[in-house]
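What follows is the content of model.cif, which has mmCIF, C-alpha atoms:
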data_input
loop_
_atom_site.label_atom_id
_atom_site.label_comp_id
_atom_site.auth_asym_id
_atom_site.auth_seq_id
_atom_site.Cartn_x
_atom_site.Cartn_y
_atom_site.Cartn_z
CA MET A 4 76.49 18.38 82.72
CA ILE A 5 78.24 15.12 81.82
CA LEU A 6 76.10 12.54 80.08
CA SER A 7 76.56 8.85 80.59
CA ARG A 8 77.41 6.61 77.65
CA SER A 9 73.85 5.31 77.38
CA GLU A 10 72.47 8.86 77.46
CA ARG A 11 74.85 9.93 74.69
CA LEU A 12 73.78 6.98 72.59
CA ARG A 13 70.12 7.84 73.10
CA ALA A 14 70.81 11.45 72.11
CA ILE A 15 72.63 10.35 68.96
CA ARG A 16 69.77 8.03 68.03
CA ALA A 17 67.24 10.81 68.58
CA MET A 18 69.24 13.17 66.35
CA ALA A 19 69.50 10.52 63.65
CA GLN A 20 65.77 9.88 63.86
CA ASP A 21 65.01 13.59 63.54
CA LYS A 22 67.24 13.84 60.47
CA LYS A 23 65.58 10.77 58.96
CA ARG A 24 62.14 12.30 59.43
CA ALA A 25 63.35 15.56 57.89
CA VAL A 26 64.65 13.73 54.80
CA PHE A 27 61.40 11.74 54.66
CA ARG A 28 59.37 14.96 54.61
CA LEU A 29 61.69 16.46 51.99
CA LEU A 30 61.39 13.48 49.64
CA THR A 31 57.63 13.16 50.00
CA SER A 32 56.98 16.92 50.15
CA THR A 33 54.32 16.48 52.80
CA SER A 34 53.86 16.65 56.53
CA GLU A 35 53.47 13.52 58.60
CA THR A 36 49.73 14.14 59.00
CA PRO A 37 48.25 14.40 55.47
CA GLY A 38 44.53 14.04 55.15
CA ASN A 39 44.31 11.10 52.78
CA LEU A 40 45.93 8.27 54.76
CA ASP A 41 44.85 4.66 54.38
CA ILE A 42 47.17 3.00 56.90
CA THR A 43 46.67 2.46 60.61
CA GLU A 44 47.96 4.80 63.30
CA THR A 45 50.56 2.22 64.31
CA ALA A 46 51.82 1.86 60.74
CA ARG A 47 51.86 5.64 60.45
CA ALA A 48 54.17 5.91 63.46
CA HIS A 49 56.66 3.55 61.78
CA GLU A 50 56.23 4.99 58.27
CA PRO A 51 59.47 7.04 58.02
CA ASP A 52 61.62 4.04 59.01
CA ASN A 53 59.63 1.75 56.73
CA PHE A 54 59.91 4.23 53.86
CA PHE A 55 63.71 4.09 53.91
CA ARG A 56 63.72 0.31 54.31
CA HIS A 57 61.51 0.05 51.23
CA VAL A 58 63.81 2.38 49.29
CA THR A 59 66.95 0.51 50.40
CA SER A 60 65.71 -3.00 49.67
CA LEU A 61 64.03 -2.05 46.39
CA SER A 62 67.11 -0.09 45.24
CA ALA A 63 69.32 -3.12 45.84
CA SER A 64 66.84 -5.31 43.95
CA LYS A 65 66.70 -2.91 41.00
CA ILE A 66 70.49 -2.68 40.79
CA ALA A 67 70.67 -6.48 40.79
CA ASP A 68 68.05 -6.60 38.02
CA GLY A 69 70.25 -4.35 35.90
CA LEU A 70 73.34 -6.44 36.51
CA ILE A 71 71.66 -9.60 35.16
CA ASP A 72 69.45 -7.97 32.48
CA PRO A 73 68.40 -10.93 30.27
CA LYS A 74 67.83 -8.74 27.19
CA LEU A 75 71.37 -7.40 27.34
CA VAL A 76 73.82 -8.92 29.79
CA LEU A 77 72.71 -12.56 29.73
CA SER A 78 72.24 -12.52 25.94
CA TRP A 79 75.82 -11.36 25.49
CA LEU A 80 77.07 -13.79 28.13
CA LEU A 81 75.50 -16.85 26.49
CA THR A 82 76.87 -15.78 23.11
CA THR A 83 80.35 -15.32 24.58
CA LEU A 84 80.25 -18.70 26.32
CA GLY A 85 79.32 -20.40 23.06
CA ALA A 86 75.79 -21.47 24.04
CA PRO A 87 73.46 -22.46 21.17
CA ALA A 88 71.78 -19.47 19.55
CA GLY A 89 68.35 -21.02 20.13
CA LEU A 90 68.74 -20.57 23.88
CA LEU A 91 68.91 -16.78 23.52
CA GLY A 92 65.26 -16.61 22.56
CA LEU A 93 64.26 -18.24 25.85
CA LEU A 94 65.87 -15.67 28.14
CA VAL A 95 63.24 -12.90 28.15
CA PRO A 96 60.16 -15.20 28.20
CA ILE A 97 61.60 -17.19 31.12
CA ARG A 98 62.45 -14.06 33.10
CA GLU A 99 59.33 -12.01 32.43
CA ALA A 100 56.57 -14.61 32.09
CA GLY A 101 58.15 -16.85 34.74
CA ALA A 102 57.89 -14.01 37.26
CA LEU A 103 54.24 -13.26 36.45
CA PHE A 104 52.36 -16.34 35.26
CA PRO A 105 52.68 -18.48 38.45
CA GLN A 106 51.22 -15.80 40.69
CA MET A 107 47.64 -16.91 40.32
CA PHE A 108 48.62 -20.31 41.71
CA THR A 109 50.86 -19.12 44.57
CA ALA A 110 48.83 -16.13 45.77
CA GLY A 111 46.34 -18.27 47.72
CA ALA A 112 49.04 -19.78 49.92
CA LEU A 113 50.75 -16.43 50.39
CA ARG A 114 47.50 -14.83 51.56
CA LYS A 115 47.50 -17.18 54.53
CA LEU A 116 50.62 -15.52 55.93
CA LYS A 117 50.14 -13.01 58.72
CA HIS A 118 53.43 -11.25 57.95
CA ARG A 119 54.06 -11.30 54.23
CA LYS A 120 57.40 -9.53 54.39
CA TRP A 121 58.97 -12.92 55.11
CA ALA A 122 57.83 -14.25 51.75
CA TRP A 123 59.45 -11.29 49.95
CA ALA A 124 62.65 -11.70 51.96
CA GLY A 125 62.74 -15.43 51.23
CA GLY A 126 62.15 -14.82 47.53
CA ALA A 127 65.00 -12.29 47.46
CA LEU A 128 67.29 -14.85 49.09
CA VAL A 129 66.47 -17.41 46.38
CA GLU A 130 67.05 -14.76 43.69
CA GLY A 131 70.45 -14.07 45.21
CA ILE A 132 71.43 -17.74 45.21
CA ALA A 133 70.27 -18.08 41.59
CA ALA A 134 72.30 -15.06 40.47
CA ILE A 135 75.42 -16.40 42.18
CA ALA A 136 74.83 -19.75 40.44
CA MET A 137 74.80 -17.91 37.09
CA GLY A 138 78.11 -16.28 37.95
CA LEU A 139 79.66 -19.61 38.90
CA ALA A 140 78.36 -21.18 35.67
CA ALA A 141 79.95 -18.37 33.65
CA LEU A 142 83.21 -18.91 35.49
CA MET A 143 83.35 -22.71 35.24
CA LEU A 144 81.30 -23.81 32.20
CA THR A 145 81.06 -23.17 28.47
CA GLY A 146 78.87 -24.09 25.54
CA ALA A 147 75.43 -25.68 25.81
CA VAL A 148 76.01 -26.81 29.40
CA ALA A 149 76.66 -23.24 30.51
CA GLY A 150 73.58 -22.06 28.62
CA TRP A 151 71.21 -24.59 30.15
CA VAL A 152 72.57 -24.06 33.68
CA ILE A 153 72.13 -20.31 33.37
CA LEU A 154 68.60 -20.78 31.98
CA GLY A 155 67.77 -23.11 34.88
CA ALA A 156 69.07 -20.56 37.41
CA LEU A 157 67.08 -17.84 35.63
CA ALA A 158 63.92 -19.94 35.89
CA ALA A 159 64.46 -20.36 39.65
CA LEU A 160 65.07 -16.62 39.93
CA ALA A 161 61.87 -15.85 38.02
CA LEU A 162 59.77 -18.12 40.22
CA ALA A 163 61.21 -16.48 43.34
CA ARG A 164 60.44 -13.09 41.82
CA SER A 165 56.82 -14.14 41.37
CA VAL A 166 56.57 -14.62 45.14
CA CYS A 167 58.15 -11.21 45.73
CA SER A 168 55.79 -9.57 43.25
CA VAL A 169 52.65 -11.02 44.85
CA THR A 170 53.63 -9.92 48.34
CA TYR A 171 55.38 -6.60 47.70
CA LYS A 172 52.35 -4.52 46.79
CA ASP A 173 50.46 -5.90 49.77
CA VAL A 174 53.26 -5.01 52.20
CA LEU A 175 53.70 -1.62 50.54
CA GLY A 176 49.98 -0.90 50.94
CA LYS A 177 50.11 -1.77 54.65
CA THR A 178 53.26 0.17 55.54
CA ILE A 179 53.33 3.28 53.32
CA ALA A 180 50.47 5.77 52.94
CA ARG A 181 48.72 6.20 49.61
CA SER A 182 50.25 9.62 48.90
CA ARG A 183 53.83 8.33 49.22
CA ARG A 184 53.97 4.89 47.59
CA GLY A 185 54.99 6.10 44.14
CA THR A 186 57.67 8.27 45.71
CA ALA A 187 59.17 5.27 47.51
CA THR A 188 59.34 3.12 44.38
CA GLY A 189 60.38 6.07 42.20
CA THR A 190 63.26 7.00 44.51
CA ALA A 191 64.47 3.40 44.46
CA GLY A 192 64.21 3.40 40.67
CA THR A 193 66.39 6.50 40.44
CA ILE A 194 69.05 5.04 42.72
CA GLY A 195 69.02 1.73 40.85
CA ALA A 196 69.24 3.44 37.47
CA GLY A 197 72.22 5.53 38.57
CA ALA A 198 74.14 2.43 39.65
CA VAL A 199 73.27 0.53 36.45
CA LEU A 200 74.32 3.53 34.37
CA ALA A 201 77.74 3.43 35.99
CA TYR A 202 77.90 -0.31 35.26
CA GLY A 203 77.01 0.32 31.62
CA VAL A 204 79.85 2.83 31.31
CA LEU A 205 82.26 0.29 32.83
CA LEU A 206 81.11 -2.32 30.31
CA ALA A 207 81.67 0.08 27.43
CA PHE A 208 85.32 0.53 28.40
CA ALA A 209 86.05 -2.93 29.83
CA GLY A 210 87.65 -4.31 26.65
CA GLU A 211 89.12 -7.76 27.19
CA ASN A 212 88.02 -7.70 30.84
CA ARG A 213 84.34 -7.57 29.91
CA LEU A 214 83.64 -11.24 30.65
CA ALA A 215 85.21 -10.96 34.10
CA LEU A 216 83.18 -7.80 34.77
CA VAL A 217 79.92 -9.47 33.72
CA THR A 218 80.69 -12.56 35.82
CA GLY A 219 81.53 -10.39 38.83
CA GLY A 220 78.34 -8.42 38.23
CA LEU A 221 76.25 -11.59 38.50
CA VAL A 222 77.84 -12.51 41.83
CA LEU A 223 77.39 -8.92 43.06
CA ALA A 224 73.73 -9.09 42.04
CA GLY A 225 73.36 -12.17 44.21
CA GLY A 226 74.83 -10.38 47.20
CA LEU A 227 72.55 -7.39 46.64
CA TRP A 228 69.44 -9.59 46.63
CA VAL A 229 70.50 -11.29 49.86
CA ALA A 230 71.05 -7.87 51.45
CA ALA A 231 67.70 -6.61 50.11
CA GLY A 232 65.94 -9.54 51.75
CA ALA A 233 67.63 -8.84 55.09
CA VAL A 234 66.59 -5.17 55.01
CA PHE A 235 63.02 -5.99 53.95
CA ALA A 236 62.71 -8.48 56.80
CA SER A 237 63.38 -5.60 59.23
CA LEU A 238 60.22 -3.73 58.14
CA PHE A 239 57.56 -3.12 60.77
CA GLU A 240 54.53 -4.91 59.34
CA GLU A 241 51.29 -5.37 61.21
CA ALA A 242 49.77 -8.82 61.05
CA SER A 243 47.25 -9.47 58.32
CA GLU A 244 44.17 -11.56 58.84
CA PRO A 245 45.00 -14.88 57.12
CA GLU A 246 42.53 -15.91 54.48
CA THR A 247 40.67 -19.16 54.89
CA SER A 248 41.88 -22.15 52.95
CA SER A 249 40.34 -23.08 49.64
CA SER A 250 41.29 -25.33 46.79
CA PRO A 251 43.50 -23.86 44.04
CA VAL A 252 40.71 -24.43 41.51
CA ARG A 253 38.16 -22.60 43.69
CA ARG A 254 40.65 -19.78 44.33
CA LEU A 255 41.35 -19.50 40.61
CA ALA A 256 37.63 -19.28 39.85
CA ASP A 257 37.05 -16.71 42.60
CA ASP A 258 39.89 -14.49 41.40
CA PHE A 259 38.79 -14.61 37.77
CA GLY A 260 35.33 -13.75 39.01
CA LEU A 261 36.74 -10.33 39.91
CA LEU A 262 36.98 -9.58 36.20
CA ALA A 263 33.23 -10.04 35.79
CA ARG A 264 32.42 -7.82 38.75
CA ASP A 265 34.94 -4.98 38.38
CA ALA A 266 34.88 -2.98 35.14
CA GLN A 267 37.76 -0.77 36.27
CA LEU A 268 39.93 -3.84 36.89
CA ARG A 269 39.16 -5.10 33.37
CA ARG A 270 40.08 -1.73 31.88
CA PHE A 271 43.28 -1.50 33.93
CA ILE A 272 44.43 -4.98 32.87
CA LEU A 273 43.68 -4.16 29.22
CA VAL A 274 45.73 -0.96 29.46
CA ARG A 275 48.57 -2.82 31.13
CA ALA A 276 48.46 -5.57 28.49
CA LEU A 277 48.69 -3.03 25.67
CA LEU A 278 51.59 -1.27 27.41
CA THR A 279 53.65 -4.47 27.32
CA SER A 280 54.64 -2.98 23.96
CA THR A 281 57.22 -0.86 25.81
CA ALA A 282 58.86 -4.01 27.20
CA LEU A 283 58.71 -6.05 23.99
CA ALA A 284 59.93 -3.37 21.58
CA PRO A 285 63.64 -2.74 22.42
CA PRO A 286 65.09 -5.88 20.77
CA PHE A 287 63.18 -5.14 17.56
CA MET A 288 64.30 -1.50 17.58
CA VAL A 289 67.92 -2.48 18.06
CA ALA A 290 67.64 -5.14 15.34
CA LEU A 291 66.16 -2.59 12.93
CA GLY A 292 68.87 -0.07 13.70
CA THR A 293 71.77 -2.49 13.42
CA GLN A 294 70.85 -4.33 10.23
CA GLY A 295 74.02 -4.81 8.24
CA GLU A 296 76.29 -4.05 11.21
CA ALA A 297 79.19 -6.44 11.78
CA ALA A 298 78.69 -9.00 14.53
CA ARG A 299 81.70 -7.66 16.36
CA ASN A 300 79.81 -4.45 17.07
CA MET A 301 76.88 -6.26 18.69
CA PHE A 302 77.83 -5.52 22.27
CA GLY A 303 78.49 -1.90 21.47
CA GLY A 304 74.83 -1.59 20.53
CA LEU A 305 73.73 -3.54 23.58
CA GLY A 306 76.01 -1.52 25.84
CA LEU A 307 74.43 1.60 24.41
CA LEU A 308 71.02 0.20 25.29
CA VAL A 309 72.17 -0.38 28.89
CA VAL A 310 73.32 3.23 29.14
CA ALA A 311 70.19 4.60 27.44
CA SER A 312 67.87 2.52 29.64
CA ALA A 313 69.68 3.43 32.86
CA SER A 314 69.83 7.12 31.91
CA ALA A 315 66.09 7.15 31.26
CA GLY A 316 65.43 5.53 34.62
CA LEU A 317 67.78 7.90 36.42
CA LEU A 318 66.10 10.99 34.97
CA SER A 319 62.48 9.86 35.07
CA SER A 320 61.83 7.37 37.88
CA TYR A 321 61.45 9.85 40.72
CA VAL A 322 59.40 12.20 38.55
CA TRP A 323 57.08 9.39 37.45
CA GLY A 324 56.74 8.26 41.06
CA ARG A 325 55.76 11.73 42.29
CA LEU A 326 53.29 12.14 39.44
CA ALA A 327 51.83 8.68 40.11
CA ASP A 328 51.11 9.70 43.70
CA ARG A 329 48.94 12.48 42.29
CA SER A 330 47.41 10.66 39.30
CA SER A 331 48.53 7.20 38.21
CA ARG A 332 45.85 7.44 35.50
CA LYS A 333 47.66 10.37 33.88
CA VAL A 334 50.96 8.50 34.13
CA LEU A 335 49.49 5.58 32.16
CA ILE A 336 48.10 7.95 29.53
CA LEU A 337 51.41 9.79 29.14
CA THR A 338 53.45 6.60 28.96
CA GLY A 339 51.23 5.25 26.19
CA LEU A 340 51.74 8.43 24.20
CA ALA A 341 55.50 8.44 24.85
CA GLY A 342 55.77 4.80 23.78
CA ALA A 343 53.90 5.51 20.56
CA LEU A 344 56.14 8.52 19.91
CA ALA A 345 59.30 6.44 20.31
CA LEU A 346 58.07 3.56 18.15
CA PHE A 347 56.60 5.58 15.31
CA GLY A 348 59.60 7.91 15.56
CA THR A 349 61.84 4.89 15.03
CA LEU A 350 59.97 4.01 11.86
CA GLY A 351 60.14 7.61 10.62
CA LEU A 352 63.87 7.90 11.20
CA ASN A 353 64.45 4.51 9.58
CA THR A 354 62.51 5.57 6.47
CA ALA A 355 64.57 8.78 6.29
CA GLY A 356 67.82 6.86 6.73
CA LEU A 357 68.58 8.64 10.02
CA LEU A 358 68.02 5.87 12.56
CA VAL A 359 71.71 5.00 12.89
CA ALA A 360 73.12 8.40 11.95
CA ASN A 361 73.12 11.30 14.40
CA ALA A 362 72.24 9.12 17.42
CA GLY A 363 68.72 8.50 16.12
CA LEU A 364 68.41 5.01 17.58
CA PRO A 365 69.79 5.92 21.03
CA ALA A 366 67.36 8.84 21.21
CA MET A 367 64.37 6.65 20.40
CA ILE A 368 65.49 3.98 22.87
CA PHE A 369 65.89 6.68 25.51
CA ILE A 370 62.32 7.92 24.96
CA LEU A 371 60.95 4.38 25.01
CA MET A 372 62.77 3.57 28.25
CA ILE A 373 61.33 6.71 29.85
CA ALA A 374 57.90 5.39 28.86
CA TYR A 375 58.77 1.93 30.20
CA GLN A 376 59.80 3.35 33.58
CA GLY A 377 56.52 5.26 33.73
CA VAL A 378 54.54 2.12 32.90
CA ARG A 379 56.16 0.20 35.75
CA LEU A 380 55.57 2.93 38.32
CA GLY A 381 52.14 3.96 37.05
CA ARG A 382 50.65 0.45 36.91
CA SER A 383 52.08 -0.51 40.31
CA THR A 384 50.78 2.62 42.05
CA HIS A 385 47.41 2.43 40.31
CA LEU A 386 46.83 -1.19 41.27
CA VAL A 387 47.78 -0.67 44.92
CA ASP A 388 45.59 2.43 45.25
CA MET A 389 42.56 1.06 43.38
CA ALA A 390 42.42 -2.09 45.51
CA THR A 391 41.39 -2.50 49.13
CA ALA A 392 43.40 -4.34 51.76
CA GLU A 393 41.14 -7.36 51.18
CA THR A 394 41.45 -7.42 47.36
CA ARG A 395 45.01 -6.16 46.84
CA ALA A 396 46.70 -9.56 46.75
CA ALA A 397 44.01 -11.01 44.47
CA TYR A 398 44.19 -8.03 42.08
CA THR A 399 47.97 -8.32 41.95
CA ALA A 400 48.01 -12.05 41.29
CA LEU A 401 45.22 -11.91 38.71
CA SER A 402 46.73 -8.97 36.85
CA ASN A 403 50.25 -10.42 36.83
CA THR A 404 49.10 -13.87 35.70
CA ILE A 405 47.19 -12.40 32.76
CA ILE A 406 50.13 -10.16 31.80
CA GLY A 407 52.48 -13.14 32.09
CA THR A 408 50.31 -14.95 29.58
CA VAL A 409 50.36 -11.90 27.29
CA LEU A 410 54.16 -11.81 27.46
CA ILE A 411 54.35 -15.48 26.52
CA LEU A 412 52.13 -14.78 23.51
CA GLY A 413 54.34 -11.78 22.78
CA GLY A 414 56.99 -14.25 21.68
CA GLY A 415 54.87 -14.57 18.54
CA PHE A 416 56.14 -11.17 17.40
CA SER A 417 59.36 -12.94 16.40
CA LEU A 418 57.33 -14.95 13.88
CA VAL A 419 55.65 -11.76 12.64
CA ALA A 420 59.09 -10.20 12.18
CA SER A 421 60.23 -13.22 10.17
CA PHE A 422 57.32 -13.05 7.74
CA ALA A 423 56.39 -9.35 7.67
CA GLY A 424 59.56 -7.60 8.76
CA LEU A 425 60.79 -5.64 11.78
CA ALA A 426 59.03 -2.45 10.73
CA THR A 427 55.65 -4.18 10.83
CA VAL A 428 56.23 -5.42 14.38
CA ILE A 429 57.30 -1.96 15.54
CA ALA A 430 54.21 -0.42 13.92
CA ILE A 431 51.93 -2.92 15.72
CA LEU A 432 53.64 -2.20 19.04
CA GLY A 433 53.32 1.54 18.43
CA ALA A 434 49.60 1.15 17.76
CA MET A 435 49.27 -0.83 21.01
CA SER A 436 50.86 2.01 22.98
CA ALA A 437 48.61 4.61 21.40
CA LEU A 438 45.51 2.49 22.05
CA ALA A 439 46.58 2.04 25.69
CA ALA A 440 46.64 5.82 26.15
CA LEU A 441 43.15 6.09 24.66
CA ILE A 442 41.66 3.36 26.87
CA ALA A 443 43.42 4.73 29.98
CA LEU A 444 41.31 7.88 29.63
CA GLY A 445 38.45 5.84 31.10
CA LEU A 446 40.31 4.83 34.27
CA ASP A 447 39.23 6.32 37.60
CA GLU A 448 41.38 8.86 39.44
CA VAL A 449 42.05 6.43 42.28
CA GLN A 450 44.29 8.85 44.21
CA SER A 451 41.37 11.22 44.74
CA GLY A 452 39.13 8.53 46.18
#
Write the structure described by the file as structure tokens, please.
Amino acid sequence: MILSRSERLRAIRAMAQDKKRAVFRLLTSTSETPGNLDITETARAHEPDNFFRHVTSLSASKIADGLIDPKLVLSWLLTTLGAPAGLLGLLVPIREAGALFPQMFTAGALRKLKHRKWAWAGGALVEGIAAIAMGLAALMLTGAVAGWVILGALAALALARSVCSVTYKDVLGKTIARSRRGTATGTAGTIGAGAVLAYGVLLAFAGENRLALVTGGLVLAGGLWVAAGAVFASLFEEASEPETSSSPVRRLADDFGLLARDAQLRRFILVRALLTSTALAPPFMVALGTQGEAARNMFGGLGLLVVASASAGLLSSYVWGRLADRSSRKVLILTGLAGALALFGTLGLNTAGLLVANAGLPAMIFILMIAYQGVRLGRSTHLVDMATAETRAAYTALSNTIIGTVLILGGGFSLVASFAGLATVIAILGAMSALAALIALGLDEVQSG
């Protein structure tokens, strides 16, 4: 029997769809009809396709994040371009707090959208343009002008990321079932970490071509964000019921009212705030381990941090994601303990004079980055699963705004380091991680609800 061209195409598409569903079942280790589903029948029918679109777009975004890492890549770039040293201290606060703090004020408008995937796609497009602008600045400018232009582009990128952050968890909750959300984000984390690890190895051996490689990486990051937005826009997303309009002040008061009514939300935000220690600690660890090192070796240490961070993500992201699908509470407990182990281990090795010798610092950074990856996956999965469709956007915006404020205040650790020393800061951060694990014991097992 001879098939027509259209029939052959339909057969090929059917085979591809069958293979996609088989890979979907393999990655999620579940059938397509698990008992604990919290998405509609229509969303369930599109879930395999949506799963891979989530993984593809989020992988591209995570790779782009690694290519522009403010703690490492942009810090080195500004130093190389001759920007004032004072600008370096603004990179991490602008990137981290800028992506979180505005969410309380933008979430109300975003909740009026019926299809919120468009907001994420638009935010990714702006991130891409901002990253390309950084690359062009590195190529064409030097000194303070280059520094301020790159900081301005980073601020635009951070604001766009705040829009993506508000809408992503809501779209994820509508399109992927509860038992598979951590797997989707964890798989993307593993893919992103593998690509960034390869980039870190290239940087280590780039020699005189390092500036060109970093500049090209910024432009590539821009292209990846544009592509991520295009893929995300192709998701099948059912329309949400737009929320009624209200003034920003009223919306702000209503959202903060959630803290008074929901004890579990208060506990979760407190745990998340304490676990910011895993994000704030790396620069202090590296500074402690490289005291007395010549300035010419600075990028070697930073390059090592890129490799250690990416390796930790590559090895742990998928595992954390699978565990988070079973118990995000346990993930938050384990990450707090792992963070405390890395930070107090750093102090112990430093006291024994072994932090630099025998790869002591890389090992501690590796453990801390494993904890950091777990924090990101655990908190994201826990928030999505603890909230309802009606409260998810509000929980996300409220939590992220508070954590953005905490990260801004975290800049005060630099003052503590100046007066009390690096070891004191690391000890405080270690105590925060340990306390987070203790408080997380009181969180509900939201995956069993």
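Near Ala439 (chain A), within 9 Å and counting all atoms listed in the file, sit Leu273, Val274, Arg275, Ala276, Leu277, Leu278, Leu335, Ile336, Thr338, Gly339, Leu340, Ala434, Met435, Ala443 and Leu444 of chain A, not including residues fewer than 4 positions from it in the same chain.
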Nearest-residue call for Gly226 (chain A), choices A:Ala201, A:Ile153, A:Ile194, A:Ile66, using only C-alpha atoms: A:Ile66
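The interatomic distance for the pair CA of Val322 (chain A) and CA of Ala437 (chain A) works out to 21.6 Å.
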Please report the interatomic distance between CA of Leu380 (chain A) and CA of Tyr321 (chain A) in Å with one decimal. 9.4 Å
Long-range neighbours of region 138-140 of chain A as a list in words, 7 Å cut-off, only C-alpha atoms, 6 positions minimum in chain: Ala149, Val152, Ile153, Thr218, Gly219, Leu221 and Val222 of chain A
Can you write out the residues you just picked, keeping C-alpha atoms, as a compact mmCIF listing (two decimals), in the coordinates of the input?
# COMPACT_ATOMS: atom_id res chain seq x y z
CA ALA A 149 76.66 -23.24 30.51
CA VAL A 152 72.57 -24.06 33.68
CA ILE A 153 72.13 -20.31 33.37
CA THR A 218 80.69 -12.56 35.82
CA GLY A 219 81.53 -10.39 38.83
CA LEU A 221 76.25 -11.59 38.50
CA VAL A 222 77.84 -12.51 41.83
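One distance worth recording is that between CA of Lys65 (chain A) and CA of Ala230 (chain A), which is 12.4 Å.
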Complete region 68-80 of chain A at the level of N, CA, C and O atoms, written as a compact mmCIF listing (two decimals), keeping the file's coordinate frame.
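Result saved to rebuild31.txt:
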# COMPACT_ATOMS: atom_id res chain seq x y z
N ASP A 68 68.75 -6.36 39.28
CA ASP A 68 68.05 -6.60 38.02
C ASP A 68 68.87 -6.09 36.83
O ASP A 68 68.95 -6.75 35.79
N GLY A 69 69.45 -4.90 36.98
CA GLY A 69 70.25 -4.35 35.90
C GLY A 69 71.52 -5.13 35.63
O GLY A 69 71.96 -5.26 34.49
N LEU A 70 72.10 -5.68 36.67
CA LEU A 70 73.34 -6.44 36.51
C LEU A 70 73.14 -7.76 35.79
O LEU A 70 74.08 -8.31 35.21
N ILE A 71 71.91 -8.31 35.83
CA ILE A 71 71.66 -9.60 35.16
C ILE A 71 70.71 -9.45 33.98
O ILE A 71 70.19 -10.45 33.48
N ASP A 72 70.44 -8.24 33.53
CA ASP A 72 69.45 -7.97 32.48
C ASP A 72 69.47 -9.04 31.38
O ASP A 72 70.43 -9.14 30.63
N PRO A 73 68.39 -9.86 31.27
CA PRO A 73 68.40 -10.93 30.27
C PRO A 73 68.47 -10.42 28.84
O PRO A 73 69.09 -11.06 27.98
N LYS A 74 67.83 -9.27 28.56
CA LYS A 74 67.83 -8.74 27.19
C LYS A 74 69.22 -8.34 26.74
O LYS A 74 69.52 -8.38 25.54
N LEU A 75 70.06 -7.95 27.68
CA LEU A 75 71.37 -7.40 27.34
C LEU A 75 72.51 -8.27 27.86
O LEU A 75 73.24 -8.90 27.11
N VAL A 76 72.66 -8.29 29.18
CA VAL A 76 73.82 -8.92 29.79
C VAL A 76 73.84 -10.43 29.56
O VAL A 76 74.84 -11.00 29.10
N LEU A 77 72.73 -11.10 29.87
CA LEU A 77 72.71 -12.56 29.73
C LEU A 77 72.77 -12.99 28.26
O LEU A 77 73.35 -14.03 27.93
N SER A 78 72.15 -12.20 27.37
CA SER A 78 72.24 -12.52 25.94
C SER A 78 73.69 -12.49 25.48
O SER A 78 74.16 -13.41 24.78
N TRP A 79 74.40 -11.45 25.87
CA TRP A 79 75.82 -11.36 25.49
C TRP A 79 76.63 -12.48 26.14
O TRP A 79 77.50 -13.08 25.52
N LEU A 80 76.31 -12.78 27.41
CA LEU A 80 77.07 -13.79 28.13
C LEU A 80 76.93 -15.16 27.47
O LEU A 80 77.92 -15.88 27.26
